[in-house]
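What follows is the content of my_file_31.cif, which has mmCIF, C-alpha atoms and all ligand atoms:
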data_structure
#
loop_
_atom_site.label_atom_id
_atom_site.label_comp_id
_atom_site.auth_asym_id
_atom_site.auth_seq_id
_atom_site.Cartn_x
_atom_site.Cartn_y
_atom_site.Cartn_z
CA MET J 1 -3.32 -52.89 1.38
CA PRO J 2 0.06 -51.09 1.63
CA THR J 3 0.72 -49.64 5.08
CA THR J 4 1.80 -46.01 5.30
CA THR J 5 4.19 -44.77 7.99
CA ARG J 6 4.12 -41.16 9.06
CA THR J 7 7.30 -39.20 8.47
CA SER J 8 8.79 -36.78 10.95
CA ILE J 9 7.86 -33.93 8.58
CA GLU J 10 4.20 -34.96 8.68
CA ASP J 11 4.33 -35.05 12.48
CA ALA J 12 5.94 -31.63 12.61
CA ARG J 13 3.30 -30.26 10.22
CA ASP J 14 0.57 -31.57 12.49
CA ARG J 15 2.12 -29.64 15.36
CA ILE J 16 2.25 -26.51 13.18
CA ASP J 17 -1.43 -26.96 12.22
CA ASP J 18 -2.26 -27.19 15.87
CA ILE J 19 -0.38 -23.99 16.68
CA ASP J 20 -2.07 -22.19 13.77
CA ARG J 21 -5.49 -23.21 15.14
CA GLN J 22 -4.57 -21.85 18.57
CA LEU J 23 -3.27 -18.59 17.07
CA ILE J 24 -6.53 -17.97 15.19
CA GLU J 25 -8.62 -18.93 18.22
CA LEU J 26 -6.65 -16.48 20.37
CA LEU J 27 -7.12 -13.77 17.76
CA GLY J 28 -10.87 -14.46 17.88
CA GLU J 29 -10.75 -13.96 21.66
CA ARG J 30 -8.73 -10.77 21.24
CA TYR J 31 -11.24 -9.26 18.83
CA ALA J 32 -14.14 -10.20 21.11
CA ILE J 33 -12.48 -8.02 23.78
CA VAL J 34 -12.01 -5.21 21.25
CA ASP J 35 -15.77 -5.41 20.55
CA GLU J 36 -16.51 -5.13 24.28
CA ILE J 37 -14.28 -2.06 24.65
CA CYS J 38 -15.93 -0.40 21.67
CA GLU J 39 -19.41 -1.12 23.04
CA THR J 40 -18.64 0.19 26.52
CA LYS J 41 -17.14 3.43 25.24
CA THR J 42 -20.07 3.89 22.90
CA ALA J 43 -22.61 3.32 25.69
CA ASN J 44 -20.79 5.79 27.95
CA GLY J 45 -20.68 8.37 25.18
CA GLU J 46 -16.99 8.78 25.95
CA THR J 47 -14.33 10.24 23.76
CA VAL J 48 -11.69 7.61 23.70
CA LYS J 49 -9.08 9.18 21.48
CA ASP J 50 -5.73 7.86 22.60
CA PRO J 51 -3.15 8.60 19.93
CA ASN J 52 -0.33 6.95 21.87
CA ARG J 53 -2.08 3.63 22.29
CA GLU J 54 -1.06 2.14 18.95
CA GLU J 55 2.53 3.29 19.28
CA GLU J 56 2.86 1.83 22.79
CA LEU J 57 1.30 -1.43 21.73
CA LEU J 58 3.69 -1.81 18.79
CA GLU J 59 6.66 -1.09 21.03
CA ARG J 60 5.53 -3.71 23.52
CA ILE J 61 5.00 -6.26 20.75
CA ALA J 62 8.47 -5.56 19.35
CA SER J 63 10.11 -6.18 22.71
CA ILE J 64 8.12 -9.41 23.29
CA ALA J 65 9.26 -10.53 19.83
CA GLU J 66 12.88 -9.89 20.76
CA GLU J 67 12.51 -11.88 23.98
CA ASN J 68 11.28 -14.77 21.83
CA ASP J 69 14.07 -14.60 19.28
CA LEU J 70 11.81 -13.12 16.59
CA SER J 71 12.46 -10.08 14.46
CA PRO J 72 10.77 -7.03 16.05
CA GLU J 73 10.11 -5.59 12.58
CA PHE J 74 8.30 -8.76 11.58
CA ALA J 75 6.15 -8.67 14.73
CA GLU J 76 5.34 -4.99 14.20
CA ARG J 77 4.24 -5.56 10.62
CA LEU J 78 2.06 -8.42 11.72
CA TYR J 79 0.49 -6.26 14.38
CA GLN J 80 -0.10 -3.41 12.00
CA ASP J 81 -2.42 -5.79 10.17
CA VAL J 82 -4.03 -6.88 13.43
CA LEU J 83 -4.68 -3.22 14.27
CA SER J 84 -6.02 -2.39 10.80
CA HIS J 85 -8.48 -5.22 11.16
CA SER J 86 -9.52 -3.89 14.57
CA VAL J 87 -10.35 -0.54 13.02
CA ALA J 88 -12.33 -2.11 10.18
CA ARG J 89 -14.24 -4.19 12.71
CA GLN J 90 -15.12 -1.21 14.87
CA LYS J 91 -16.33 0.71 11.84
CA ARG J 92 -18.58 -2.19 10.92
CA GLN J 93 -19.84 -2.36 14.49
CA ARG J 94 -20.69 1.35 14.37
CA GLU J 95 -22.34 1.10 10.99
CA GLU J 96 -24.55 -1.75 12.14
CA GLY J 97 -25.97 0.43 14.91
CA ALA J 98 -25.79 3.71 12.98
CA VAL J 99 -28.60 6.24 13.06
CA THR J 100 -28.96 9.03 10.57
CA SER J 101 -28.38 12.31 12.42
CA VAL J 102 -24.73 13.18 12.97
CA PRO J 103 -23.58 16.31 14.75
CA ALA J 104 -20.93 18.10 12.74
CA HIS J 105 -18.28 17.86 15.45
CA THR J 106 -18.26 14.06 15.74
CA THR J 107 -15.06 12.18 15.14
CA THR J 108 -14.33 8.68 13.91
CA CYS J 109 -11.98 5.95 15.06
CA VAL J 110 -8.70 6.31 13.27
CA SER J 111 -6.49 3.65 14.78
CA GLY J 112 -5.79 1.53 17.78
CA GLU J 113 -8.31 -0.37 19.79
CA GLY J 114 -11.14 1.23 21.66
CA ASN J 115 -10.82 4.52 19.81
CA CYS J 116 -14.49 4.88 19.16
CA SER J 117 -15.92 8.30 18.66
CA SER J 118 -17.58 10.40 21.26
CA ASN J 119 -20.88 9.53 19.69
CA GLY J 120 -20.04 5.92 18.94
CA ARG J 121 -22.97 4.29 17.25
CA ASP J 122 -24.31 7.56 15.93
CA LEU J 123 -21.53 7.72 13.41
CA PRO J 124 -21.98 6.86 9.78
CA SER J 125 -19.10 5.34 7.86
CA PRO J 126 -16.27 7.79 7.10
CA SER J 127 -17.42 7.83 3.48
CA SER J 128 -20.16 10.28 4.40
CA SER J 129 -19.90 13.32 6.62
CA ALA J 130 -17.76 12.11 9.56
CA GLN J 131 -14.39 13.76 10.11
CA PRO J 132 -11.24 11.93 11.14
CA VAL J 133 -9.87 12.85 14.55
CA PRO J 134 -8.37 16.35 14.25
CA PRO J 135 -4.61 16.93 14.44
CA PRO J 136 -3.12 17.53 17.89
CA ASN J 137 -2.13 21.16 17.37
CA GLU J 138 -2.68 24.17 15.18
CA LYS J 139 0.53 23.75 13.26
CA ALA J 140 -0.40 20.23 12.26
CA ALA J 141 -3.92 21.36 11.34
CA GLU J 142 -2.53 24.08 9.11
CA ARG J 143 -0.22 21.59 7.44
CA GLY J 144 -3.13 19.26 6.62
CA TYR J 145 -1.44 16.10 7.85
CA HIS J 146 0.17 14.78 10.98
CA ARG J 147 -0.11 11.01 11.06
CA VAL J 148 2.17 10.68 8.04
CA ALA J 149 4.49 13.39 9.39
CA ARG J 150 7.95 12.63 10.71
CA THR J 151 7.08 14.42 13.96
CA ASP J 152 4.22 12.04 14.70
CA ARG J 153 6.25 8.87 14.39
CA ASP J 154 10.01 8.75 14.63
CA ARG J 155 10.49 5.35 13.07
CA ASP J 156 10.12 4.82 9.34
CA THR J 157 7.06 2.97 8.12
CA VAL J 158 8.12 -0.30 6.56
CA VAL J 159 5.64 -1.90 4.18
CA SER J 160 6.05 -5.60 3.74
CA VAL J 161 4.96 -7.11 0.42
CA GLY J 162 5.94 -10.67 -0.43
CA ASP J 163 9.57 -10.89 0.53
CA ALA J 164 10.18 -7.18 -0.08
CA LEU J 165 10.39 -4.60 2.66
CA LEU J 166 9.64 -1.14 1.32
CA GLY J 167 11.28 1.49 3.45
CA GLN J 168 13.93 -0.72 5.00
CA GLY J 169 17.04 -2.39 3.66
CA GLY J 170 17.94 -2.18 0.01
CA PRO J 171 15.86 -0.48 -2.68
CA VAL J 172 13.15 -2.47 -4.41
CA LEU J 173 12.44 -2.83 -8.11
CA ILE J 174 8.87 -2.88 -9.38
CA ALA J 175 8.59 -3.52 -13.10
CA GLY J 176 6.21 -4.67 -15.79
CA PRO J 177 4.17 -3.38 -18.68
CA CYS J 178 2.08 -0.24 -18.63
CA SER J 179 -1.00 -2.34 -19.42
CA VAL J 180 -1.71 -6.04 -19.25
CA GLU J 181 -2.45 -6.93 -22.87
CA SER J 182 -2.41 -10.70 -23.22
CA ARG J 183 -1.48 -13.90 -21.40
CA GLU J 184 1.75 -14.25 -23.33
CA GLN J 185 2.75 -10.60 -22.84
CA ILE J 186 2.29 -10.63 -19.06
CA LEU J 187 3.94 -14.04 -18.64
CA ARG J 188 7.00 -12.94 -20.60
CA SER J 189 7.14 -9.71 -18.64
CA ALA J 190 6.81 -11.51 -15.29
CA GLU J 191 9.56 -13.93 -16.23
CA ALA J 192 11.86 -11.03 -17.12
CA VAL J 193 11.03 -9.16 -13.90
CA ALA J 194 11.81 -12.26 -11.83
CA HIS J 195 15.09 -12.88 -13.73
CA ALA J 196 16.09 -9.24 -13.26
CA GLY J 197 15.64 -9.74 -9.50
CA GLY J 198 12.57 -7.49 -9.43
CA HIS J 199 10.46 -7.59 -6.27
CA LEU J 200 6.97 -6.85 -7.64
CA LEU J 201 5.21 -7.14 -10.98
CA ARG J 202 3.32 -4.10 -12.18
CA GLY J 203 0.63 -3.94 -14.86
CA GLY J 204 -2.44 -1.83 -15.48
CA CYS J 205 -5.78 -3.60 -15.88
CA PHE J 206 -8.06 -0.60 -15.37
CA LYS J 207 -6.29 2.19 -17.25
CA PRO J 208 -6.81 5.90 -16.59
CA ARG J 209 -6.27 7.15 -20.15
CA THR J 210 -6.25 10.81 -21.02
CA SER J 211 -8.32 10.11 -24.12
CA PRO J 212 -11.50 8.02 -23.92
CA TYR J 213 -10.55 6.55 -27.31
CA SER J 214 -7.29 5.03 -26.02
CA PHE J 215 -7.02 1.42 -24.79
CA GLN J 216 -8.78 1.25 -21.41
CA GLY J 217 -7.26 -2.01 -20.19
CA LEU J 218 -8.51 -5.60 -19.98
CA GLY J 219 -10.20 -5.07 -16.60
CA GLU J 220 -10.98 -8.23 -14.58
CA GLU J 221 -9.62 -10.46 -17.32
CA GLY J 222 -6.29 -8.63 -17.17
CA LEU J 223 -6.23 -8.99 -13.41
CA ASP J 224 -6.74 -12.76 -13.75
CA LEU J 225 -3.84 -12.98 -16.17
CA MET J 226 -1.66 -10.91 -13.89
CA VAL J 227 -2.45 -12.94 -10.78
CA LYS J 228 -1.48 -16.12 -12.64
CA ALA J 229 1.73 -14.60 -14.03
CA GLY J 230 2.73 -13.30 -10.59
CA ARG J 231 2.10 -16.69 -9.01
CA ARG J 232 4.02 -18.52 -11.71
CA PHE J 233 7.15 -16.42 -11.07
CA GLY J 234 6.75 -15.82 -7.34
CA LEU J 235 6.06 -12.08 -7.68
CA PRO J 236 3.49 -10.07 -5.73
CA ILE J 237 1.46 -7.81 -8.01
CA ILE J 238 0.57 -4.13 -8.01
CA THR J 239 -2.20 -2.69 -10.15
CA GLU J 240 -4.14 0.55 -10.32
CA VAL J 241 -7.60 0.90 -8.88
CA LEU J 242 -9.67 3.65 -10.47
CA ALA J 243 -12.94 3.75 -8.61
CA PRO J 244 -14.04 3.38 -4.98
CA GLY J 245 -16.48 0.64 -6.01
CA ASP J 246 -13.63 -1.47 -7.44
CA VAL J 247 -11.38 -1.38 -4.37
CA GLU J 248 -12.74 -4.50 -2.69
CA ALA J 249 -12.55 -6.63 -5.83
CA VAL J 250 -9.06 -5.43 -6.79
CA ALA J 251 -7.83 -5.80 -3.19
CA ALA J 252 -9.02 -9.40 -3.19
CA ARG J 253 -6.52 -10.23 -5.95
CA ALA J 254 -3.72 -7.64 -5.93
CA ASP J 255 -0.98 -7.38 -3.30
CA VAL J 256 -0.68 -3.59 -3.59
CA LEU J 257 -3.31 -1.07 -4.72
CA GLN J 258 -1.98 1.71 -6.93
CA ILE J 259 -3.62 5.12 -6.89
CA GLY J 260 -2.62 6.92 -10.05
CA SER J 261 -1.50 10.48 -10.52
CA ARG J 262 -4.87 11.52 -11.94
CA ASN J 263 -6.61 10.22 -8.83
CA MET J 264 -4.30 11.54 -6.13
CA GLN J 265 -7.04 13.89 -4.93
CA ASN J 266 -9.98 11.58 -5.55
CA TYR J 267 -11.09 11.64 -1.92
CA PRO J 268 -13.79 8.95 -2.07
CA LEU J 269 -11.15 6.64 -3.60
CA LEU J 270 -8.54 7.55 -0.96
CA LYS J 271 -11.06 6.84 1.81
CA GLU J 272 -12.04 3.48 0.37
CA VAL J 273 -8.39 2.45 -0.06
CA GLY J 274 -7.96 3.58 3.55
CA ARG J 275 -10.56 1.02 4.58
CA SER J 276 -8.76 -1.75 2.73
CA ASN J 277 -6.10 -3.83 4.40
CA ARG J 278 -3.95 -3.97 1.28
CA PRO J 279 -0.90 -1.70 1.09
CA ALA J 280 -1.42 1.29 -1.18
CA MET J 281 0.98 3.11 -3.49
CA LEU J 282 -0.03 6.73 -3.90
CA LYS J 283 1.45 8.38 -6.98
CA ARG J 284 2.05 12.08 -6.88
CA GLY J 285 -0.53 14.13 -8.72
CA MET J 286 1.08 15.66 -11.80
CA MET J 287 0.04 19.10 -10.54
CA ALA J 288 0.29 18.50 -6.81
CA SER J 289 2.73 19.99 -4.34
CA VAL J 290 4.53 17.78 -1.84
CA GLU J 291 2.24 19.10 0.89
CA GLU J 292 -0.91 18.22 -1.08
CA TRP J 293 0.54 14.79 -1.76
CA LEU J 294 1.17 14.18 1.95
CA SER J 295 -2.33 15.37 2.81
CA ALA J 296 -3.70 12.86 0.31
CA ALA J 297 -1.64 10.12 2.01
CA GLU J 298 -3.11 11.28 5.34
CA TYR J 299 -6.60 10.44 4.02
CA ILE J 300 -5.60 6.83 3.47
CA VAL J 301 -3.92 6.52 6.87
CA THR J 302 -6.72 8.20 8.83
CA HIS J 303 -9.22 5.84 7.26
CA GLY J 304 -7.41 2.84 8.71
CA ASN J 305 -4.62 1.85 6.34
CA PRO J 306 -1.12 2.66 7.62
CA ASN J 307 0.66 0.87 4.76
CA VAL J 308 1.12 3.71 2.32
CA ILE J 309 3.98 3.97 -0.16
CA LEU J 310 4.52 7.25 -2.01
CA CYS J 311 5.67 7.35 -5.63
CA GLU J 312 7.13 10.39 -7.39
CA ARG J 313 6.28 10.26 -11.10
CA GLY J 314 7.02 13.73 -12.41
CA ILE J 315 5.07 16.97 -12.48
CA LYS J 316 3.91 19.41 -15.16
CA THR J 317 6.23 22.33 -15.75
CA PHE J 318 6.97 24.61 -18.71
CA GLU J 319 9.58 22.08 -19.87
CA SER J 320 8.40 20.12 -22.89
CA ALA J 321 11.55 18.11 -23.69
CA THR J 322 10.34 15.36 -21.38
CA ARG J 323 6.80 14.09 -20.80
CA TYR J 324 6.84 15.46 -17.24
CA THR J 325 9.61 16.93 -15.08
CA LEU J 326 10.93 14.32 -12.67
CA ASP J 327 11.09 16.16 -9.37
CA LEU J 328 13.76 14.11 -7.63
CA THR J 329 14.07 16.81 -5.00
CA SER J 330 10.79 15.57 -3.58
CA VAL J 331 12.53 12.42 -2.33
CA PRO J 332 14.78 14.06 0.29
CA VAL J 333 11.99 16.54 1.07
CA ILE J 334 9.54 13.68 1.75
CA LYS J 335 12.16 11.81 3.77
CA GLU J 336 12.51 14.87 5.96
CA ARG J 337 8.77 15.47 6.37
CA SER J 338 7.33 11.97 6.45
CA HIS J 339 8.10 8.45 7.70
CA LEU J 340 6.47 6.82 4.66
CA PRO J 341 8.54 4.94 2.06
CA VAL J 342 9.00 6.79 -1.22
CA LEU J 343 9.58 5.31 -4.67
CA VAL J 344 10.29 6.94 -8.01
CA ASP J 345 8.72 6.15 -11.39
CA PRO J 346 11.09 7.58 -14.02
CA SER J 347 9.20 5.99 -16.94
CA HIS J 348 6.15 8.25 -16.87
CA ALA J 349 8.32 11.30 -16.22
CA ALA J 350 10.83 10.74 -19.02
CA GLY J 351 8.37 9.45 -21.60
CA THR J 352 11.36 8.11 -23.53
CA ARG J 353 13.01 4.78 -22.71
CA ARG J 354 16.63 5.77 -23.27
CA TRP J 355 16.54 8.26 -20.40
CA VAL J 356 15.08 5.82 -17.90
CA PRO J 357 18.22 3.88 -16.78
CA SER J 358 20.15 6.96 -15.68
CA LEU J 359 17.07 8.33 -13.90
CA VAL J 360 16.80 5.03 -12.03
CA GLU J 361 20.35 5.55 -10.77
CA ALA J 362 19.59 9.15 -9.91
CA ALA J 363 16.49 8.10 -7.94
CA LEU J 364 18.53 5.64 -5.90
CA GLY J 365 21.20 8.32 -5.49
CA VAL J 366 18.77 10.69 -3.79
CA GLY J 367 17.61 7.99 -1.40
CA ALA J 368 14.46 6.55 -2.94
CA ASP J 369 13.32 3.26 -1.40
CA GLY J 370 12.92 1.82 -4.87
CA VAL J 371 11.71 2.48 -8.38
CA MET J 372 8.86 1.45 -10.58
CA VAL J 373 9.62 1.12 -14.29
CA GLU J 374 7.64 0.09 -17.32
CA ALA J 375 9.02 -2.75 -19.44
CA HIS J 376 7.51 -4.68 -22.33
CA PRO J 377 8.52 -7.75 -24.37
CA ASN J 378 7.98 -5.71 -27.52
CA PRO J 379 7.74 -1.99 -26.68
CA GLU J 380 7.12 -0.97 -30.29
CA GLU J 381 3.88 -2.92 -30.26
CA ALA J 382 2.73 -1.88 -26.77
CA MET J 383 -0.90 -0.78 -26.49
CA SER J 384 0.09 2.02 -24.10
CA ASP J 385 3.28 3.91 -23.21
CA GLY J 386 5.52 1.91 -25.57
CA ALA J 387 7.93 4.83 -26.09
CA GLN J 388 8.87 4.88 -22.42
CA SER J 389 8.81 1.11 -21.84
CA LEU J 390 12.17 -0.58 -21.41
CA THR J 391 13.09 -3.64 -23.42
CA LEU J 392 13.39 -6.76 -21.29
CA ASP J 393 17.16 -6.74 -21.91
CA THR J 394 17.55 -3.26 -20.45
CA LEU J 395 15.36 -4.29 -17.52
CA SER J 396 17.74 -7.12 -16.79
CA GLU J 397 20.71 -4.69 -16.74
CA ILE J 398 18.89 -2.38 -14.34
CA GLY J 399 18.23 -5.33 -12.01
CA ASN J 400 21.87 -5.28 -10.88
CA LEU J 401 21.30 -2.03 -9.00
CA PHE J 402 18.83 -3.58 -6.56
CA ALA J 403 18.86 -5.62 -3.40
CA PRO J 404 18.64 -9.31 -4.27
CA ARG J 405 15.35 -11.00 -3.52
CA SER J 406 15.54 -13.40 -0.64
CA ALA J 407 15.35 -17.07 -1.65
C1 LIG E 501 0.79 3.94 -14.24
O1 LIG E 501 1.76 3.82 -13.46
O2 LIG E 501 0.26 2.98 -14.80
C2 LIG E 501 0.24 5.28 -14.52
C3 LIG E 501 -0.87 5.44 -15.21
O3 LIG E 501 0.99 6.27 -14.02
P1 LIG E 501 0.53 7.76 -13.56
O4 LIG E 501 -0.71 7.56 -12.73
O5 LIG E 501 1.70 8.21 -12.78
O6 LIG E 501 0.29 8.53 -14.82
MN MN E 502 1.99 3.84 -18.33
#
For this file, write the structure as structure tokens.
Amino acid sequence: MPTTTRTSIEDARDRIDDIDRQLIELLGERYAIVDEICETKTANGETVKDPNREEELLERIASIAEENDLSPEFAERLYQDVLSHSVARQKRQREEGAVTSVPAHTTTCVSGEGNCSSNGRDLPSPSSSAQPVPPPNEKAAERGYHRVARTDRDRDTVVSVGDALLGQGGPVLIAGPCSVESREQILRSAEAVAHAGGHLLRGGCFKPRTSPYSFQGLGEEGLDLMVKAGRRFGLPIITEVLAPGDVEAVAARADVLQIGSRNMQNYPLLKEVGRSNRPAMLKRGMMASVEEWLSAAEYIVTHGNPNVILCERGIKTFESATRYTLDLTSVPVIKERSHLPVLVDPSHAAGTRRWVPSLVEAALGVGADGVMVEAHPNPEEAMSDGAQSLTLDTLSEIGNLFAPRSA
């Protein structure tokens, strides 16, 4: 029998495995304490709203990270996930002990540990009648949002997806076909996105088509093809989710959940995406004001998901030369009013591929954190939005405008 000697890499990996075990065990301990806090507050019938708790905790974590030669941004992102999970856990805890009658004034946990409602176990899940914690002052209440507002959080939200940081550093490029159509089509698209230096692969599997007779997408099968194409070329994937009931299944496979323009004010969907721990990209409703858009983002955040990316995609105006009117002004307006990252989708606005490259430059010029464009190996044959889809050659030219992907 040949004898095998252990290499130094194998030894080092054993040490890493050991550390990983300890990290997960410690997290288990941490969440057990969170459960205790939630139970105590519930039993006491106390209101435990502490809006500063999460902010303080993240600041402390960032400074501990620095002391340990780690990036504070990395530690904060990690902890945003830890906190989101805390919220989801508390909601489950409440639901398990829920009774049916709920006074109208009750509030739910929105973030941070121990923020159970005044009525704790009496609360149903936020999908029914419970209200998120109200804004701190009248002005914020009038505005309809405060957690996504600049005033509520000075630092920008940075959403980490794969090796891309949305909202920090250079702009990101998200590209791919309007719809996933076949294995070959999505593989060729993914290859082109990766070669162009794109950060994420887009592709619709569940399509919100204006006409019920238009191609509705390949559904689960399309998602399978997309997951494989993304993996093959090292790209995280973003795809649209149409219905609250699909969120869990789509979130299990996609790296970012897209909420389309037609669903920007679909409140049950916003709430369900809020309960997910996947980042969400909220496209602007084609007839929504900036304020309505930010209020829609507030739904997602107040239901537990802080990782929201906004995407301007054009609005309806009297102008008929383009498919929609690309409101690039919304980018600096959003930057002033909110800490969330904002992207621009010039493809759906222009409706015509030859106008897309200059609109990409314009979007970056007004300070967008990135763009999302449609591209197809053979736009003339595309099953949806071919006229606005870039050729893969043009996509590769556009790639030069973006921050390189890290190795
Ligand atoms: C899309 O990006 O696939 C899409 C359907 O866009 P919108 O929701 O902006 O129309
Ligand atoms: Mn499209």
Closest of J:Glu39, J:Glu381, J:Glu374, J:Glu319 to ligand MN 502 (chain E) - atom-to-atom distances counting all atoms listed in the file: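 Ranking J:Glu39, J:Glu381, J:Glu374, J:Glu319 by distance to ligand MN 502 (chain E), first place goes to J:Glu374.
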Selection as a PDB file with C-alpha atoms, in the coordinates of the input: residues within 8 Å of ligand MN 502 (chain E) by only C-alpha atoms and all ligand atoms:
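Resulting contents of result-v2.pdb:
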ATOM      1  CA  PRO J 177       4.170  -3.380 -18.680  1.00  0.00           C
ATOM      2  CA  CYS J 178       2.080  -0.240 -18.630  1.00  0.00           C
ATOM      3  CA  SER J 179      -1.000  -2.340 -19.420  1.00  0.00           C
ATOM      4  CA  GLY J 204      -2.440  -1.830 -15.480  1.00  0.00           C
ATOM      5  CA  SER J 347       9.200   5.990 -16.940  1.00  0.00           C
ATOM      6  CA  HIS J 348       6.150   8.250 -16.870  1.00  0.00           C
ATOM      7  CA  GLU J 374       7.640   0.090 -17.320  1.00  0.00           C
ATOM      8  CA  SER J 384       0.090   2.020 -24.100  1.00  0.00           C
ATOM      9  CA  ASP J 385       3.280   3.910 -23.210  1.00  0.00           C
TER      10      ASP J 385
END
Return as an MDAnalysis selection string every polymer residue, whether protein, DNA or RNA, with at least one atom no more than 8 Å from an atom of ligand LIG 501 (chain E); count only C-alpha atoms and all ligand atoms. chainID J and resid 178:179 203:204 207:209 239:240 258:263 283:286 312:314 345 348 374
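Residue nearest Val366 in chain J within the list J:Ala387, J:Val342, J:Ala43, J:Ile24: J:Val342 [criterion: smallest interatomic distance, all atoms listed in the file].
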Shell of 7 Å around Asn307 in chain J, all atoms listed in the file, local chain residues under 3 positions omitted, as a ChimeraX atom specification: /J:159,279-280
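For the pair CA of Ser182 in chain J and CA of Arg253 in chain J, the separation is 17.8 Å.
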What does the distance from CA of Ile174 in chain J to CA of Thr151 in chain J come to in Å, to one decimal?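 Computed distance, CA of Ile174 in chain J to CA of Thr151 in chain J, equals 29.1 Å.
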Which residue gives the smallest distance to Leu242 in chain J among J:Ile315, J:Cys205, J:Ile300, J:Leu165, with all atoms listed in the file counted?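 Of J:Ile315, J:Cys205, J:Ile300, J:Leu165, the one nearest Leu242 in chain J is J:Cys205, counting all atoms listed in the file.
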Compare J:Ala65, J:Ala32, J:Val360, J:Met372 by their minimum atom-to-atom distance to His199 in chain J, counting only C-alpha atoms, and give me the closest one.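 With only C-alpha atoms as the atom set, the closest residue is J:Met372.
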Using only C-alpha atoms, can you list as a list in words the residues within 10 Å of (12.5, -1.8, 5.6)? Glu73, Asp156, Thr157, Val158, Val159, Ser160, Ala164, Leu165, Leu166, Gly167, Gln168, Gly169, Gly170, Pro171, Pro341 and Asp369 of chain J
Could you give me, as a list in words, the residues that have an atom at most 9 Å away from the point (14.8, 7.7, -21.8) in the coordinates of the file, using only C-alpha atoms?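 The distance filter leaves exactly Thr322, Pro346, Ser347, Ala350, Gly351, Thr352, Arg353, Arg354, Trp355, Val356, Pro357, Ser358, Leu359, Ala387, Gln388, Ser389 and Leu390 of chain J.
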Exercise: Gly222 in chain J partners within 7 Å, all atoms listed in the file, chain neighbours under 3 positions left out, as a PyMOL selection string: chain J and resi 180+205+218-219+225-226
In Å, rounded to a single decimal, give me how far CA of Glu291 in chain J is from CA of His339 in chain J.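 Atom-to-atom, CA of His339 in chain J and CA of Glu291 in chain J are spaced 13.9 Å apart.
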Can you tell me, as a PyMOL selection string, what residues are no more than 10 Å from range 229-235 of chain J when counting all atoms listed in the file, ignoring any on the same chain fewer than 3 positions away? chain J and resi 161-164+174+183-195+198-202+223-226+238+254-255
Who sits within 12 Å of Thr329 in chain J, all atoms listed in the file, same chain under 3 positions skipped, as a PyMOL selection string: chain J and resi 289-290+312-315+325-326+332-336+342+344+362-363+365-368
Which residue is closest to Val250 in chain J? Choose from J:Leu364, J:Val273, J:Met264, J:Ala140 and count only C-alpha atoms.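 Nearest candidate to Val250 in chain J out of J:Leu364, J:Val273, J:Met264, J:Ala140: J:Val273.
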Selected residue, from J:Ala141, J:Leu340, J:Met383, J:Leu27, that lies nearest to Asp81 in chain J when counting all atoms listed in the file: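 Going through J:Ala141, J:Leu340, J:Met383, J:Leu27 one by one, the smallest distance to Asp81 in chain J is for J:Leu27.
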